[in-house]
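Visitor: The following block contains the structure, expressed as structure tokens.
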Amino acid sequence: MSECTHNCSTCSSNCASRKESLVEKPHELSRVKKVIAVMSGKGGVGKSLVTSLSAVMMQRRGYNTAIIDADITGPSIPKIFGIHERAMGDESGIFPAKSKMGTSVMSVNLLLENETDPVIWRGPVIAGMAKQFWTDVVWGDVDFMFVDMPPGTGDVPLTVFQSLPVDGVIIVTSPQDLVGMVVEKSVKMANALNKPVLAIVENMSYYQCPKCDEKIKVFGESDVRALADKFGVELCAEIPINPKLAAACDKGMIELFDGDWLDAVADKLESLD
């Protein structure tokens with residue numbers, strides 16, 4: 001017997017592990033064309049930043065964009081977009097909040113009485129909430145939906161990969177060797193679940209001197225391109241340490257950022273069939 005690839009759609013064996021698709025249908029009033037998961041091996045590398053920038057980039061190119069903030073216990077997407085009001089709903093479902101420029105956002109912070117209240121839930125409940133953001137929210141017409149995952153390869157990433165029709169994965173890293181090691185776990189998880197890795201984005205890649213434009217590698221030389229080559233990932237992008245970008249996130253003004261660091265990622269997303 002050949003080794004199982006966990007991809008039942010290409011396998012003729014009628015084994016006990018064969019299962020029907022676990023992908024859930026979105027809300028009946030939602031029409032989502034592409035779902036892009038943004039994940040990282042560990043926290044603190046800028047995953048939510050990359051999610052937000054990607055959504056803004058595609059929105060600037062004329063697409064309807066949306067974000068599921070699936071980092072249930074550490075939500076930051078609403079703050080990055082300057083959204084503080086609670087989500088509303090009626091008998092048809094829950095409606096996402098809208099950013100100033102029109103990106104739809106759903107996050108647990110939009111459902112809490114106070115946005116600083118902690119979410120003290122066990123793993124299965126957290127994963128279930130992430131799935132409900134797909135099935136119970138009235139998204140309307142969306143060209144690109146980005147899912148901001150929690151760090152690691154646990155319950156929520158597994159639920160998202162199994163329950164949502166993920167078209168591709170963007171993996172976020174930073175230059176430290178430790179981060180590179182755990183990013184490799186994320187790449188292997190995506191490969192194991194047959195989700196294509198579209199790009200690896202390195203955040204905090206360098207600091208560009210405002211006087212001489214020299215790129216200073218604050219954390220040393222990176223191995224991200226070697227990692228991408230190892231797993232056959234075609235695209236890498238680098239985001240610098242940029243105080244103005246950090247301030248835009250803190251002030252909820254990410255939609256006003258000025259930078260072309262993710263242009264190649266946006267081109268890749270546009271090319272998806």
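Chain labels follow the order of the structure tokens: the first chain is A, the next B, and so on; residue numbering restarts at 1 in every chain, and ligands are counted from 1 in their shown order.
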Please list as a ChimeraX atom specification every residue within 6 Å of segment 21-36 of chain A, counting only C-alpha atoms and excluding residues in the same chain fewer than 6 positions away.

Guide: /A:134-136,138-146,162-164,166-169

Visitor: Residues of segment 77-173 of chain A in alpha helix (DSSP H) according to DSSP, as JSON, numbers by chain?

Guide: {"A": [77, 78, 79, 80, 81, 123, 124, 125, 126, 127, 128, 129, 130, 131, 132, 133, 134, 135, 155, 156, 157, 158, 159, 160, 161, 162, 163]}

Visitor: Could you save the residues just selected, with N, CA, C and O atoms, as an mmCIF file, in the first residue's frame?

Guide:
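To be explicit, this is the file written out as out.cif:
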data_model
loop_
_atom_site.group_PDB
_atom_site.id
_atom_site.type_symbol
_atom_site.label_atom_id
_atom_site.label_comp_id
_atom_site.auth_asym_id
_atom_site.auth_seq_id
_atom_site.Cartn_x
_atom_site.Cartn_y
_atom_site.Cartn_z
ATOM 1 N N ILE A 77 -7.042 43.436 14.737
ATOM 2 C CA ILE A 77 -7.439 44.012 13.459
ATOM 3 C C ILE A 77 -8.320 45.262 13.628
ATOM 4 O O ILE A 77 -8.084 46.279 12.963
ATOM 5 N N PRO A 78 -9.352 45.247 14.485
ATOM 6 C CA PRO A 78 -10.173 46.462 14.615
ATOM 7 C C PRO A 78 -9.360 47.695 15.005
ATOM 8 O O PRO A 78 -9.576 48.790 14.455
ATOM 9 N N LYS A 79 -8.433 47.553 15.937
ATOM 10 C CA LYS A 79 -7.621 48.697 16.353
ATOM 11 C C LYS A 79 -6.762 49.209 15.203
ATOM 12 O O LYS A 79 -6.614 50.424 15.015
ATOM 13 N N ILE A 80 -6.196 48.299 14.426
ATOM 14 C CA ILE A 80 -5.345 48.706 13.305
ATOM 15 C C ILE A 80 -6.137 49.539 12.298
ATOM 16 O O ILE A 80 -5.599 50.475 11.693
ATOM 17 N N PHE A 81 -7.427 49.223 12.136
ATOM 18 C CA PHE A 81 -8.281 49.958 11.201
ATOM 19 C C PHE A 81 -9.060 51.088 11.869
ATOM 20 O O PHE A 81 -9.843 51.770 11.199
ATOM 21 N N GLY A 123 -9.956 25.769 23.818
ATOM 22 C CA GLY A 123 -9.623 25.670 22.405
ATOM 23 C C GLY A 123 -10.765 25.373 21.464
ATOM 24 O O GLY A 123 -10.935 26.065 20.455
ATOM 25 N N PRO A 124 -11.600 24.351 21.723
ATOM 26 C CA PRO A 124 -12.687 24.041 20.792
ATOM 27 C C PRO A 124 -13.688 25.188 20.622
ATOM 28 O O PRO A 124 -14.215 25.389 19.525
ATOM 29 N N VAL A 125 -13.939 25.935 21.703
ATOM 30 C CA VAL A 125 -14.865 27.070 21.612
ATOM 31 C C VAL A 125 -14.256 28.180 20.764
ATOM 32 O O VAL A 125 -14.930 28.804 19.940
ATOM 33 N N ILE A 126 -12.956 28.419 20.950
ATOM 34 C CA ILE A 126 -12.267 29.437 20.163
ATOM 35 C C ILE A 126 -12.289 29.076 18.682
ATOM 36 O O ILE A 126 -12.587 29.910 17.824
ATOM 37 N N ALA A 127 -11.993 27.819 18.386
ATOM 38 C CA ALA A 127 -12.002 27.367 16.994
ATOM 39 C C ALA A 127 -13.407 27.466 16.399
ATOM 40 O O ALA A 127 -13.579 27.829 15.234
ATOM 41 N N GLY A 128 -14.423 27.154 17.208
ATOM 42 C CA GLY A 128 -15.798 27.255 16.740
ATOM 43 C C GLY A 128 -16.192 28.682 16.402
ATOM 44 O O GLY A 128 -16.917 28.924 15.430
ATOM 45 N N MET A 129 -15.699 29.637 17.189
ATOM 46 C CA MET A 129 -15.990 31.036 16.915
ATOM 47 C C MET A 129 -15.375 31.465 15.587
ATOM 48 O O MET A 129 -16.002 32.163 14.794
ATOM 49 N N ALA A 130 -14.150 31.034 15.322
ATOM 50 C CA ALA A 130 -13.513 31.368 14.052
ATOM 51 C C ALA A 130 -14.327 30.837 12.876
ATOM 52 O O ALA A 130 -14.492 31.523 11.850
ATOM 53 N N LYS A 131 -14.859 29.633 13.022
ATOM 54 C CA LYS A 131 -15.683 29.057 11.953
ATOM 55 C C LYS A 131 -17.000 29.813 11.801
ATOM 56 O O LYS A 131 -17.483 30.024 10.676
ATOM 57 N N GLN A 132 -17.585 30.257 12.912
ATOM 58 C CA GLN A 132 -18.839 31.001 12.849
ATOM 59 C C GLN A 132 -18.675 32.342 12.149
ATOM 60 O O GLN A 132 -19.624 32.846 11.539
ATOM 61 N N PHE A 133 -17.496 32.918 12.227
ATOM 62 C CA PHE A 133 -17.260 34.162 11.498
ATOM 63 C C PHE A 133 -17.400 33.942 9.996
ATOM 64 O O PHE A 133 -17.678 34.881 9.247
ATOM 65 N N TRP A 134 -17.205 32.721 9.548
ATOM 66 C CA TRP A 134 -17.390 32.365 8.142
ATOM 67 C C TRP A 134 -18.842 32.027 7.835
ATOM 68 O O TRP A 134 -19.398 32.482 6.824
ATOM 69 N N THR A 135 -19.480 31.255 8.692
ATOM 70 C CA THR A 135 -20.814 30.737 8.390
ATOM 71 C C THR A 135 -21.955 31.670 8.791
ATOM 72 O O THR A 135 -23.025 31.625 8.169
ATOM 73 N N ASP A 155 -5.524 24.509 17.140
ATOM 74 C CA ASP A 155 -6.938 24.296 16.821
ATOM 75 C C ASP A 155 -7.467 25.232 15.741
ATOM 76 O O ASP A 155 -8.126 24.799 14.793
ATOM 77 N N VAL A 156 -7.206 26.527 15.895
ATOM 78 C CA VAL A 156 -7.808 27.490 14.971
ATOM 79 C C VAL A 156 -7.249 27.352 13.560
ATOM 80 O O VAL A 156 -8.032 27.278 12.599
ATOM 81 N N PRO A 157 -5.926 27.316 13.356
ATOM 82 C CA PRO A 157 -5.445 27.111 11.986
ATOM 83 C C PRO A 157 -5.977 25.826 11.351
ATOM 84 O O PRO A 157 -6.351 25.816 10.174
ATOM 85 N N LEU A 158 -6.030 24.745 12.123
ATOM 86 C CA LEU A 158 -6.559 23.496 11.588
ATOM 87 C C LEU A 158 -8.027 23.648 11.200
ATOM 88 O O LEU A 158 -8.446 23.194 10.126
ATOM 89 N N THR A 159 -8.819 24.299 12.051
ATOM 90 C CA THR A 159 -10.235 24.505 11.755
ATOM 91 C C THR A 159 -10.420 25.369 10.516
ATOM 92 O O THR A 159 -11.256 25.080 9.652
ATOM 93 N N VAL A 160 -9.630 26.423 10.401
ATOM 94 C CA VAL A 160 -9.732 27.301 9.233
ATOM 95 C C VAL A 160 -9.384 26.535 7.961
ATOM 96 O O VAL A 160 -10.106 26.594 6.953
ATOM 97 N N PHE A 161 -8.296 25.777 7.982
ATOM 98 C CA PHE A 161 -7.886 25.033 6.798
ATOM 99 C C PHE A 161 -8.916 23.986 6.402
ATOM 100 O O PHE A 161 -9.104 23.704 5.216
ATOM 101 N N GLN A 162 -9.581 23.389 7.388
ATOM 102 C CA GLN A 162 -10.554 22.340 7.087
ATOM 103 C C GLN A 162 -11.946 22.876 6.777
ATOM 104 O O GLN A 162 -12.687 22.275 6.001
ATOM 105 N N SER A 163 -12.328 23.999 7.368
ATOM 106 C CA SER A 163 -13.706 24.490 7.279
ATOM 107 C C SER A 163 -13.909 25.568 6.227
ATOM 108 O O SER A 163 -15.032 25.775 5.765
#

Visitor: Just asking: which residues within segment 61-232 of chain A are strand (DSSP E or B) according to DSSP, as a PyMOL selection string?

Guide: chain A and resi 65-69+88-90+93-95+97-98+104-106+137+141-148+168-173+197-202+207-208+215-216

Visitor: Suppose we keep N, CA and C atoms; can you now write the selection as a compact mmCIF listing (two decimals), in the first residue's frame?

Guide:
# COMPACT_ATOMS: atom_id res chain seq x y z
N THR A 65 -12.66 43.83 -0.23
CA THR A 65 -11.85 43.02 0.67
C THR A 65 -12.52 42.88 2.03
N ALA A 66 -12.15 41.82 2.72
CA ALA A 66 -12.71 41.54 4.05
C ALA A 66 -11.65 40.82 4.88
N ILE A 67 -11.79 40.92 6.19
CA ILE A 67 -10.86 40.26 7.11
C ILE A 67 -11.63 39.54 8.21
N ILE A 68 -11.33 38.26 8.38
CA ILE A 68 -11.77 37.53 9.57
C ILE A 68 -10.61 37.56 10.56
N ASP A 69 -10.84 38.16 11.71
CA ASP A 69 -9.83 38.20 12.76
C ASP A 69 -9.98 36.91 13.56
N MET A 88 -23.26 44.83 14.43
CA MET A 88 -24.71 44.78 14.52
C MET A 88 -25.24 43.55 13.78
N GLY A 89 -26.50 43.24 14.00
CA GLY A 89 -27.10 42.10 13.33
C GLY A 89 -28.61 42.15 13.37
N ASP A 90 -29.24 41.27 12.61
CA ASP A 90 -30.68 41.12 12.65
C ASP A 90 -31.01 39.64 12.45
N GLY A 93 -28.56 37.56 10.24
CA GLY A 93 -27.21 37.24 10.66
C GLY A 93 -26.48 38.43 11.24
N ILE A 94 -25.17 38.30 11.39
CA ILE A 94 -24.32 39.36 11.92
C ILE A 94 -23.69 40.11 10.76
N PHE A 95 -23.60 41.42 10.89
CA PHE A 95 -23.00 42.23 9.84
C PHE A 95 -21.60 42.68 10.26
N ALA A 97 -18.23 44.98 10.56
CA ALA A 97 -17.97 46.41 10.59
C ALA A 97 -17.24 46.80 9.31
N LYS A 98 -17.32 48.08 8.98
CA LYS A 98 -16.65 48.59 7.78
C LYS A 98 -15.58 49.60 8.18
N SER A 104 -14.38 45.15 4.99
CA SER A 104 -15.26 44.53 5.98
C SER A 104 -14.43 43.77 7.00
N VAL A 105 -14.77 43.91 8.28
CA VAL A 105 -13.99 43.29 9.36
C VAL A 105 -14.93 42.63 10.36
N MET A 106 -14.57 41.40 10.76
CA MET A 106 -15.27 40.76 11.87
C MET A 106 -14.23 40.24 12.85
N VAL A 137 -21.78 35.23 9.45
CA VAL A 137 -21.65 36.65 9.15
C VAL A 137 -22.10 36.93 7.72
N ASP A 141 -20.71 40.66 -1.08
CA ASP A 141 -19.78 40.36 -2.17
C ASP A 141 -18.36 40.69 -1.75
N VAL A 142 -17.50 39.67 -1.74
CA VAL A 142 -16.10 39.84 -1.35
C VAL A 142 -15.21 39.20 -2.41
N ASP A 143 -14.25 39.96 -2.90
CA ASP A 143 -13.29 39.41 -3.86
C ASP A 143 -12.15 38.68 -3.16
N PHE A 144 -11.62 39.29 -2.09
CA PHE A 144 -10.53 38.68 -1.34
C PHE A 144 -10.83 38.77 0.16
N MET A 145 -10.95 37.61 0.78
CA MET A 145 -11.12 37.55 2.23
C MET A 145 -9.81 37.05 2.85
N PHE A 146 -9.28 37.82 3.79
CA PHE A 146 -8.05 37.46 4.48
C PHE A 146 -8.40 36.98 5.89
N VAL A 147 -7.79 35.88 6.30
CA VAL A 147 -8.03 35.32 7.63
C VAL A 147 -6.76 35.50 8.46
N ASP A 148 -6.84 36.35 9.47
CA ASP A 148 -5.71 36.60 10.36
C ASP A 148 -5.69 35.52 11.43
N GLY A 168 -5.07 29.98 -0.63
CA GLY A 168 -3.63 30.16 -0.52
C GLY A 168 -3.26 30.68 0.86
N VAL A 169 -1.96 30.58 1.16
CA VAL A 169 -1.46 30.94 2.48
C VAL A 169 -0.30 31.92 2.32
N ILE A 170 -0.32 32.97 3.13
CA ILE A 170 0.81 33.88 3.27
C ILE A 170 1.41 33.64 4.64
N ILE A 171 2.69 33.35 4.69
CA ILE A 171 3.36 33.06 5.96
C ILE A 171 4.27 34.23 6.32
N VAL A 172 4.17 34.66 7.58
CA VAL A 172 4.90 35.84 8.06
C VAL A 172 6.00 35.40 9.00
N THR A 173 7.15 36.01 8.81
CA THR A 173 8.29 35.69 9.65
C THR A 173 9.07 36.96 9.97
N VAL A 197 1.32 27.62 -0.44
CA VAL A 197 1.95 28.78 0.18
C VAL A 197 2.29 29.75 -0.94
N LEU A 198 1.64 30.90 -0.93
CA LEU A 198 1.80 31.89 -2.00
C LEU A 198 3.03 32.75 -1.80
N ALA A 199 3.34 33.05 -0.55
CA ALA A 199 4.46 33.96 -0.28
C ALA A 199 4.90 33.82 1.17
N ILE A 200 6.16 34.11 1.39
CA ILE A 200 6.69 34.28 2.74
C ILE A 200 7.07 35.75 2.87
N VAL A 201 6.50 36.42 3.85
CA VAL A 201 6.76 37.84 4.07
C VAL A 201 7.59 37.99 5.33
N GLU A 202 8.74 38.63 5.19
CA GLU A 202 9.60 38.88 6.34
C GLU A 202 9.37 40.30 6.84
N TYR A 207 16.23 48.19 8.67
CA TYR A 207 15.91 49.59 8.93
C TYR A 207 16.63 50.44 7.90
N GLN A 208 15.88 51.31 7.21
CA GLN A 208 16.49 52.13 6.17
C GLN A 208 16.81 53.51 6.73
N LYS A 215 20.43 50.25 4.06
CA LYS A 215 19.58 49.26 4.72
C LYS A 215 20.39 48.55 5.79
N ILE A 216 20.00 48.76 7.04
CA ILE A 216 20.72 48.20 8.18
C ILE A 216 19.98 46.96 8.66

Visitor: Please identify all polymer residues within 8 Å of Asn109 of chain A, counting only C-alpha atoms, omitting same-chain residues fewer than 3 positions from it, and present them as a count of residues only.

Guide: 7

Visitor: What is the distance between atom CA of Asp260 of chain A and atom CA of Phe231 of chain A, in Å to one decimal?

Guide: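 It comes out at 25.3 Å.
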
Visitor: Which is closest to Ser186 of chain A among A:Gly152, A:Gly44, A:Pro240, A:Pro118, if we use only C-alpha atoms?

Guide: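 Of A:Gly152, A:Gly44, A:Pro240, A:Pro118, the one nearest Ser186 of chain A, counting only C-alpha atoms, is A:Gly152.
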